[in-house]
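Here the structure comes first, spelled out in C-alpha cells, and everything after it is commentary.
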Amino acid sequence: MAVADKELTQPSIAVYYRRKTPMVPPTGKELKKGILESLFNSMVAQRISDLMQTSVTPFLNVGIGNAPLVNGYSTYSISIVPKNGQELEAVTKAYEINENIRRNGFNQDELDRGSKQSNRWFSNQLPTKRQARQ
C-alpha cells in the first residue's frame with residue numbers, strides 16, 4: 001500500500017514483514033532470542049552508519065531490523081529515506097545490504113563491536129553499589 005502526505009517534505013519507503021510469534025511466558029530461551037535480536041539490530045545499524053560515513057549513498061537513512069508489533073506478532077522491516085530523485089537506487093541499495101547480511105552474516109569485527117556495545121548496555125542497567133544500598 002502506498003500513502004501520500006502533502007505535508008511530508010521527504011519521501012520515505014518502508015517494507016514490513018509480519019511474523020507470528022508465540023505468546024508464551026518469558027523464559028530463558030525467549031530472553032536469549034530478544035538479546036540476539038537486539039545484537040542483530042545494533043550490528044545492522046552500525047554497518048549502515050559505517051557505510052554512510054565511508055561512501056556516497058542514495059539514501060539519507062536506512063533502518064533494517066526486528067521489532068515487536070502487537071501481542072503474537074513481530075516485524076522485520078526495511079525503512080528507507082531516499083535522497084530526492086534516487087528512490088529506486090535507495091531501495092536497491094537497502095535490499096543489497098539486507099541480502100548481504102542474509103547470505104554472509106557479520107564479520108568478526110562487527111561481532112566484537114556489537115558484543116562490547118551490548119555488554120556496556122547491560123552493565124549500565126545493573127545498579128551500582130551505591131544505588132543498591134539505598
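Naming works like this for the C-alpha cells: A, B, ... for the chains as they're shown, residue 1 at the start of each chain, ligands 1 onward in shown order.
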Excluding range 52-59 of chain A and any residue of its chain fewer than 6 positions from it, enumerate the residues within 12 Å of it, using only C-alpha atoms, and give them as a list of chain:residue names. A:Gln10, A:Pro11, A:Ser12, A:Ile13, A:Ala45, A:Gln46, A:Ser79, A:Ile80, A:Val81, A:Pro82, A:Lys83, A:Asn84, A:Gly85, A:Gln86, A:Glu87, A:Leu88, A:Glu89, A:Ala90, A:Val91, A:Thr92, A:Lys93, A:Ala94, A:Ile97
I need the chosen residues saved as a compact mmCIF listing (two decimals), in the first residue's frame, with N, CA, C and O atoms.
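Output file selection00.txt follows:
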```txt
# COMPACT_ATOMS: atom_id res chain seq x y z
N GLN A 10 9.99 15.00 2.64
CA GLN A 10 10.95 14.00 2.19
C GLN A 10 10.24 12.66 2.01
O GLN A 10 9.48 12.25 2.87
N PRO A 11 10.49 11.98 0.89
CA PRO A 11 9.85 10.67 0.73
C PRO A 11 10.44 9.66 1.70
O PRO A 11 11.59 9.77 2.12
N SER A 12 9.65 8.67 2.08
CA SER A 12 10.14 7.55 2.87
C SER A 12 9.45 6.29 2.40
O SER A 12 8.30 6.32 1.98
N ILE A 13 10.18 5.20 2.46
CA ILE A 13 9.69 3.92 1.98
C ILE A 13 9.93 2.90 3.09
O ILE A 13 11.02 2.86 3.67
N ALA A 45 22.63 -1.59 12.28
CA ALA A 45 22.68 -0.13 12.35
C ALA A 45 24.12 0.37 12.24
O ALA A 45 24.39 1.37 11.56
N GLN A 46 25.05 -0.32 12.88
CA GLN A 46 26.45 0.08 12.81
C GLN A 46 27.00 -0.09 11.39
O GLN A 46 27.73 0.77 10.90
N SER A 79 13.36 0.18 6.32
CA SER A 79 12.85 1.55 6.18
C SER A 79 13.91 2.40 5.49
O SER A 79 15.08 2.34 5.85
N ILE A 80 13.48 3.18 4.51
CA ILE A 80 14.43 3.93 3.69
C ILE A 80 13.95 5.37 3.55
O ILE A 80 12.78 5.62 3.27
N VAL A 81 14.87 6.31 3.74
CA VAL A 81 14.62 7.71 3.41
C VAL A 81 15.59 8.03 2.27
O VAL A 81 16.78 8.27 2.49
N PRO A 82 15.08 7.99 1.03
CA PRO A 82 15.97 8.22 -0.12
C PRO A 82 16.29 9.68 -0.34
O PRO A 82 15.55 10.56 0.10
N LYS A 83 17.40 9.92 -0.99
CA LYS A 83 17.69 11.28 -1.44
C LYS A 83 16.73 11.59 -2.58
O LYS A 83 16.27 10.67 -3.28
N ASN A 84 16.41 12.86 -2.76
CA ASN A 84 15.47 13.25 -3.81
C ASN A 84 15.90 12.73 -5.17
O ASN A 84 17.05 12.88 -5.57
N GLY A 85 14.95 12.09 -5.86
CA GLY A 85 15.20 11.58 -7.20
C GLY A 85 15.98 10.28 -7.24
O GLY A 85 16.30 9.78 -8.31
N GLN A 86 16.32 9.71 -6.08
CA GLN A 86 17.11 8.47 -6.05
C GLN A 86 16.36 7.34 -5.34
O GLN A 86 16.98 6.47 -4.72
N GLU A 87 15.06 7.34 -5.46
CA GLU A 87 14.24 6.36 -4.77
C GLU A 87 14.59 4.93 -5.16
O GLU A 87 14.80 4.07 -4.30
N LEU A 88 14.63 4.64 -6.47
CA LEU A 88 14.92 3.28 -6.93
C LEU A 88 16.32 2.84 -6.49
O LEU A 88 16.50 1.71 -6.01
N GLU A 89 17.30 3.71 -6.63
CA GLU A 89 18.67 3.38 -6.21
C GLU A 89 18.73 3.12 -4.71
O GLU A 89 19.44 2.22 -4.25
N ALA A 90 17.99 3.90 -3.92
CA ALA A 90 17.99 3.74 -2.47
C ALA A 90 17.38 2.40 -2.07
O ALA A 90 17.92 1.69 -1.21
N VAL A 91 16.26 2.05 -2.68
CA VAL A 91 15.62 0.76 -2.38
C VAL A 91 16.54 -0.38 -2.78
O VAL A 91 16.73 -1.34 -2.03
N THR A 92 17.14 -0.27 -3.96
CA THR A 92 18.06 -1.32 -4.44
C THR A 92 19.23 -1.49 -3.48
O THR A 92 19.58 -2.61 -3.10
N LYS A 93 19.84 -0.38 -3.03
CA LYS A 93 20.98 -0.45 -2.12
C LYS A 93 20.57 -1.03 -0.77
O LYS A 93 21.30 -1.84 -0.19
N ALA A 94 19.41 -0.64 -0.25
CA ALA A 94 18.95 -1.17 1.03
C ALA A 94 18.74 -2.68 0.94
O ALA A 94 19.13 -3.43 1.85
N ILE A 97 22.11 -4.43 0.95
CA ILE A 97 22.65 -4.53 2.32
C ILE A 97 21.96 -5.68 3.05
O ILE A 97 22.62 -6.52 3.67
```
Pick from A:Thr9, A:Gln117, A:Thr27, A:Thr21: nearest to Asn41 in chain A, with only C-alpha atoms counted? A:Gln117
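Candidate residues A:Ala67, A:Val24, A:Leu39, A:Val15 were compared for distance to Arg113 in chain A, and the nearest is A:Leu39, using only C-alpha atoms.
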Grab the CA of Ser118 in chain A to CA of Asp50 in chain A distance for me, in Å with one decimal place.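 Rounded to one decimal, the two atoms are 18.1 Å apart.
Near Lys20 in chain A, within 10 Å and counting only C-alpha atoms, sit A:Leu69, A:Val70, A:Asn71, A:Gly72, A:Tyr73, A:Ser74, A:Thr75, not including residues fewer than 5 positions from it in the same chain.
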Spatial neighbours of Met43 in chain A, 10 Å, only C-alpha atoms, chain gap at least 5 places, as a ChimeraX atom specification: /A:37-38,48-49,65,106,110-115,117
Keeping only N, CA, C and O atoms, write those residues as a compact mmCIF listing (two decimals), in the first residue's frame.
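Ended up saving to part.txt:
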```
# COMPACT_ATOMS: atom_id res chain seq x y z
N GLU A 37 18.30 -10.66 18.96
CA GLU A 37 17.66 -9.72 18.04
C GLU A 37 18.18 -8.30 18.26
O GLU A 37 18.41 -7.56 17.31
N SER A 38 18.36 -7.95 19.51
CA SER A 38 18.91 -6.63 19.84
C SER A 38 20.33 -6.49 19.30
O SER A 38 20.70 -5.46 18.74
N ILE A 48 25.32 0.10 8.58
CA ILE A 48 24.75 1.16 7.76
C ILE A 48 25.43 2.49 8.07
O ILE A 48 25.77 3.25 7.16
N SER A 49 25.66 2.77 9.35
CA SER A 49 26.34 4.00 9.75
C SER A 49 27.74 4.06 9.15
O SER A 49 28.15 5.09 8.62
N GLY A 65 15.70 -4.12 10.64
CA GLY A 65 15.74 -4.84 11.91
C GLY A 65 14.42 -5.43 12.35
O GLY A 65 13.40 -5.32 11.68
N PHE A 106 27.77 -11.45 9.59
CA PHE A 106 28.63 -10.37 10.04
C PHE A 106 30.05 -10.86 10.17
O PHE A 106 30.29 -12.03 10.42
N GLU A 110 32.62 -6.79 13.41
CA GLU A 110 31.25 -6.35 13.70
C GLU A 110 30.69 -7.08 14.92
O GLU A 110 30.03 -6.48 15.78
N LEU A 111 30.97 -8.38 15.02
CA LEU A 111 30.52 -9.15 16.18
C LEU A 111 31.17 -8.65 17.46
O LEU A 111 30.51 -8.51 18.50
N ASP A 112 32.47 -8.37 17.41
CA ASP A 112 33.18 -7.87 18.59
C ASP A 112 32.62 -6.52 19.04
O ASP A 112 32.37 -6.31 20.23
N ARG A 113 32.43 -5.60 18.08
CA ARG A 113 31.88 -4.28 18.42
C ARG A 113 30.47 -4.40 18.99
O ARG A 113 30.12 -3.74 19.97
N GLY A 114 29.65 -5.24 18.36
CA GLY A 114 28.28 -5.43 18.84
C GLY A 114 28.24 -6.04 20.23
O GLY A 114 27.44 -5.63 21.08
N SER A 115 29.12 -7.01 20.49
CA SER A 115 29.17 -7.63 21.82
C SER A 115 29.61 -6.63 22.88
O SER A 115 29.03 -6.58 23.97
N GLN A 117 29.26 -3.39 22.78
CA GLN A 117 28.16 -2.43 22.95
C GLN A 117 27.07 -3.04 23.82
O GLN A 117 26.54 -2.38 24.72
```
